[in-house]
Amino acid sequence: MTATEHTKIVARGAVALARGGRLELPAGRPLLVGVVNVTPDSFSDGGRFLDPDRAVAHALELASEGADLLDLGAESTRPGGGVYGEGARPVPAGEEIDRLLPVLERLRPLTRLPLSVDTRKAEVARAALAAGADLVNDVSALGDPAMAALVAAAGCPIVLMHSRGELGTMQRGIRFEDVVAEVKAELAAVAARAVSAGIERDRIVLDPGLGFGKRGDQNRELLRRLPEIVALGFPVLVGASRKSFLGELSGAPPSDRLPESLAAAAVATRGGAAFLRVHDVAATRRFLAGLAALDGPGEEP
Ligand code: HH2
């Protein structure tokens, strides 16, 4: 693929935030979404940031490393039925809110970065938006029947991530004829549902859901053929960082998957991703600046 072709497939513009704000999507470089897991059991950093002070310190560190947004999650979404056994324990809404709010309330006055809340539950999203969150990252893509109306009323952006089946069992009985065509069609359908529920088009971000109900080869194919998803015309978020399909390439544990995560970041950037959800912000930022300066259609660092 030539540099001109890369430029053509990069979907750009802006995402409209609540309260009149706009998140500009710069040409040639995806925005980096720093992961802040306030959980005891996330696959790569579970338990490290459960304490609110440590979570806030971690979030501020990611901000100082150059994150463009911060994504706060208080429920691990490790899928079950595959390498993670039974997967993560579902967390009741009250417990999720009790973990999330102390972090959100302390962090909100300390940073101007947009804060996203990674939740499948409208009740948690409502509490987080009231405490100053700017967008919702919904890995169940409107699985909670109350989510679309809540987001439409709040006028905030939403990330709709593709998955199939229940979180606890989705790595069993995976069946796709053409993973990219099917993920694309299912994302188009959920985006249409969101629009008909009153969510504005420029508040929708789509995500192919790497690792959620897909085998390793299917995740790699989704990454390689990302331009087909980008062609839907919505900004696309890619979460590949430290995931097990990258671990399969080297046998490395989650904490040692930075090289493969950077390779995935390069492919996603070339494929037109507007956002990369990453654990290692500083390294990813330097890597992408180097890539753009040496080889890319992108901006100088
Ligand atoms: N992946 C994870 C969690 N949330 N959200 C989006 N939009 N896309 C993703 O790919 C995605 C996501 C899983 O990563 P992590 O948060 O590190 O782990 P855990 O779910 O175990 O907390």
# chains A, B, ... in the order shown; residues from 1 in each chain; ligands from 1
call {"tool": "residues_near_ligand", "arguments": {"ligand": "ligand 1", "cutoff": "9 Å", "atoms": "only C-alpha atoms and all ligand atoms", "output": "ChimeraX atom specification"}}
result
/A:35-46,71-79,87-88,118-119,137-139,159-162,205-212,237-243,276-279
call {"tool": "select_by_dssp", "arguments": {"residues": "range 139-232 of chain A", "states": "strand (DSSP E or B)", "output": "JSON, numbers by chain"}}
result
{"A": [158, 159, 160, 161, 204, 205, 206, 207]}
call {"tool": "closest_residue", "arguments": {"among": "A:Leu107, A:Leu32, A:Leu23, A:Ala181", "to": "Asp53 in chain A", "atoms": "only C-alpha atoms"}}
result
A:Leu107
call {"tool": "closest_residue", "arguments": {"among": "A:Ala274, A:Pro157, A:Glu123, A:Ala130", "to": "Asp144 in chain A", "atoms": "only C-alpha atoms"}}
result
A:Glu123
call {"tool": "select_by_dssp", "arguments": {"residues": "range 90-296 of chain A", "states": "alpha helix (DSSP H)", "output": "JSON, numbers by chain"}}
result
{"A": [93, 94, 95, 96, 97, 98, 99, 100, 101, 102, 103, 104, 105, 106, 107, 122, 123, 124, 125, 126, 127, 128, 129, 130, 147, 148, 149, 150, 151, 152, 153, 154, 179, 180, 181, 182, 183, 184, 185, 186, 187, 188, 189, 190, 191, 192, 193, 194, 195, 196, 216, 217, 218, 219, 220, 221, 222, 223, 224, 226, 227, 228, 229, 230, 244, 245, 246, 247, 248, 249, 250, 258, 259, 260, 261, 262, 263, 264, 265, 266, 267, 268, 269, 270, 281, 282, 283, 284, 285, 286, 287, 288, 289, 290, 291, 292, 293, 294, 295]}
call {"tool": "atom_distance", "arguments": {"atom1": "CA of Val151 in chain A", "atom2": "CA of Pro90 in chain A"}}
result
22.4 Å
call {"tool": "residues_around", "arguments": {"residues": "range 257-264 of chain A", "least_positions_apart": "5", "cutoff": "12 Å", "atoms": "only C-alpha atoms", "output": "ChimeraX atom specification"}}
result
/A:44,210,219-224,226,238-252,269-271,273,276-291
call {"tool": "closest_residue", "arguments": {"among": "A:Val117, A:Ala57, A:Met170, A:Val190", "to": "Cys156 in chain A", "atoms": "only C-alpha atoms"}}
result
A:Val117
call {"tool": "atom_distance", "arguments": {"atom1": "CA of Pro114 in chain A", "atom2": "CA of Leu69 in chain A"}}
result
5.1 Å
call {"tool": "atom_distance", "arguments": {"atom1": "CA of Val236 in chain A", "atom2": "CA of Ala122 in chain A"}}
result
22.1 Å
call {"tool": "residues_around", "arguments": {"residues": "Pro145 in chain A", "least_positions_apart": "2", "cutoff": "12 Å", "atoms": "only C-alpha atoms", "output": "PyMOL selection string"}}
result
chain A and resi 120-123+140-143+147-151+193-194+197
call {"tool": "write_last_selection", "arguments": {"atoms": "all heavy atoms", "output": "tab-separated table (two decimals), in the first residue's frame"}}
result
chain	number	residue	atom	x	y	z
A	120	ARG	N	-20.53	-1.59	30.55
A	120	ARG	CA	-21.64	-2.16	29.75
A	120	ARG	C	-22.98	-1.74	30.34
A	120	ARG	O	-24.01	-2.11	29.83
A	120	ARG	CB	-21.53	-3.69	29.79
A	120	ARG	CG	-20.21	-4.21	29.29
A	120	ARG	CD	-20.17	-5.71	29.33
A	120	ARG	NE	-20.06	-6.25	30.67
A	120	ARG	CZ	-20.48	-7.45	31.05
A	120	ARG	NH1	-21.08	-8.24	30.17
A	120	ARG	NH2	-20.31	-7.88	32.29
A	121	LYS	N	-22.95	-1.01	31.46
A	121	LYS	CA	-24.20	-0.77	32.21
A	121	LYS	C	-24.61	0.69	32.16
A	121	LYS	O	-23.83	1.59	32.53
A	121	LYS	CB	-24.00	-1.18	33.66
A	121	LYS	CG	-23.57	-2.63	33.84
A	121	LYS	CD	-23.51	-2.99	35.31
A	121	LYS	CE	-22.83	-4.32	35.51
A	121	LYS	NZ	-21.35	-4.25	35.39
A	122	ALA	N	-25.87	0.93	31.76
A	122	ALA	CA	-26.38	2.31	31.70
A	122	ALA	C	-26.33	2.97	33.07
A	122	ALA	O	-26.03	4.16	33.17
A	122	ALA	CB	-27.80	2.29	31.15
A	123	GLU	N	-26.59	2.18	34.11
A	123	GLU	CA	-26.59	2.77	35.46
A	123	GLU	C	-25.20	3.32	35.83
A	123	GLU	O	-25.07	4.39	36.43
A	123	GLU	CB	-27.02	1.67	36.45
A	123	GLU	CG	-27.32	2.18	37.83
A	123	GLU	CD	-27.69	1.02	38.78
A	123	GLU	OE1	-28.15	-0.05	38.32
A	123	GLU	OE2	-27.50	1.22	40.00
A	140	SER	N	-20.30	-3.87	25.09
A	140	SER	CA	-21.45	-4.72	24.73
A	140	SER	C	-22.26	-4.09	23.59
A	140	SER	O	-23.25	-4.68	23.15
A	140	SER	CB	-22.36	-4.94	25.95
A	140	SER	OG	-23.11	-3.76	26.22
A	141	ALA	N	-21.84	-2.91	23.11
A	141	ALA	CA	-22.53	-2.21	22.01
A	141	ALA	C	-24.06	-2.22	22.20
A	141	ALA	O	-24.78	-2.88	21.47
A	141	ALA	CB	-22.14	-2.80	20.64
A	142	LEU	N	-24.50	-1.48	23.19
A	142	LEU	CA	-25.94	-1.30	23.49
A	142	LEU	C	-26.59	-2.59	24.00
A	142	LEU	O	-27.79	-2.80	23.82
A	142	LEU	CB	-26.71	-0.76	22.27
A	142	LEU	CG	-26.15	0.51	21.61
A	142	LEU	CD1	-27.04	0.96	20.46
A	142	LEU	CD2	-26.00	1.64	22.63
A	143	GLY	N	-25.80	-3.44	24.66
A	143	GLY	CA	-26.36	-4.65	25.26
A	143	GLY	C	-27.36	-4.32	26.36
A	143	GLY	O	-28.31	-5.06	26.59
A	147	MET	N	-29.08	1.85	27.52
A	147	MET	CA	-27.87	2.63	27.21
A	147	MET	C	-28.10	3.67	26.12
A	147	MET	O	-27.66	4.82	26.25
A	147	MET	CB	-26.73	1.68	26.82
A	147	MET	CG	-25.40	2.36	26.65
A	147	MET	SD	-24.75	3.01	28.22
A	147	MET	CE	-23.61	1.70	28.68
A	148	ALA	N	-28.77	3.30	25.02
A	148	ALA	CA	-28.88	4.22	23.88
A	148	ALA	C	-29.62	5.49	24.28
A	148	ALA	O	-29.18	6.60	23.97
A	148	ALA	CB	-29.57	3.53	22.71
A	149	ALA	N	-30.73	5.34	25.00
A	149	ALA	CA	-31.51	6.52	25.40
A	149	ALA	C	-30.70	7.41	26.34
A	149	ALA	O	-30.73	8.64	26.23
A	149	ALA	CB	-32.81	6.08	26.07
A	150	LEU	N	-29.95	6.77	27.22
A	150	LEU	CA	-29.12	7.56	28.16
A	150	LEU	C	-28.09	8.40	27.41
A	150	LEU	O	-27.92	9.59	27.67
A	150	LEU	CB	-28.41	6.60	29.13
A	150	LEU	CG	-27.40	7.28	30.04
A	150	LEU	CD1	-28.10	7.94	31.21
A	150	LEU	CD2	-26.34	6.32	30.52
A	151	VAL	N	-27.40	7.76	26.47
A	151	VAL	CA	-26.34	8.44	25.72
A	151	VAL	C	-26.94	9.53	24.82
A	151	VAL	O	-26.40	10.63	24.71
A	151	VAL	CB	-25.50	7.40	24.93
A	151	VAL	CG1	-24.60	8.06	23.90
A	151	VAL	CG2	-24.68	6.56	25.90
A	193	ARG	N	-28.88	1.27	14.80
A	193	ARG	CA	-29.74	1.25	15.99
A	193	ARG	C	-29.49	2.46	16.87
A	193	ARG	O	-30.41	3.07	17.41
A	193	ARG	CB	-29.43	0.00	16.82
A	193	ARG	CG	-30.46	-1.10	16.67
A	193	ARG	CD	-30.02	-2.32	17.46
A	193	ARG	NE	-30.06	-2.15	18.90
A	193	ARG	CZ	-29.27	-2.77	19.76
A	193	ARG	NH1	-28.36	-3.62	19.33
A	193	ARG	NH2	-29.39	-2.59	21.05
A	194	ALA	N	-28.22	2.81	17.00
A	194	ALA	CA	-27.86	3.96	17.84
A	194	ALA	C	-28.45	5.24	17.25
A	194	ALA	O	-29.04	6.06	17.96
A	194	ALA	CB	-26.33	4.07	17.95
A	197	ALA	N	-32.05	5.53	17.78
A	197	ALA	CA	-32.39	5.83	19.18
A	197	ALA	C	-32.07	7.29	19.53
A	197	ALA	O	-32.24	7.70	20.67
A	197	ALA	CB	-31.62	4.90	20.11
call {"tool": "closest_residue", "arguments": {"among": "A:Leu101, A:Leu110, A:Leu17, A:Ala293", "to": "Glu61 in chain A", "atoms": "only C-alpha atoms"}}
result
A:Leu110
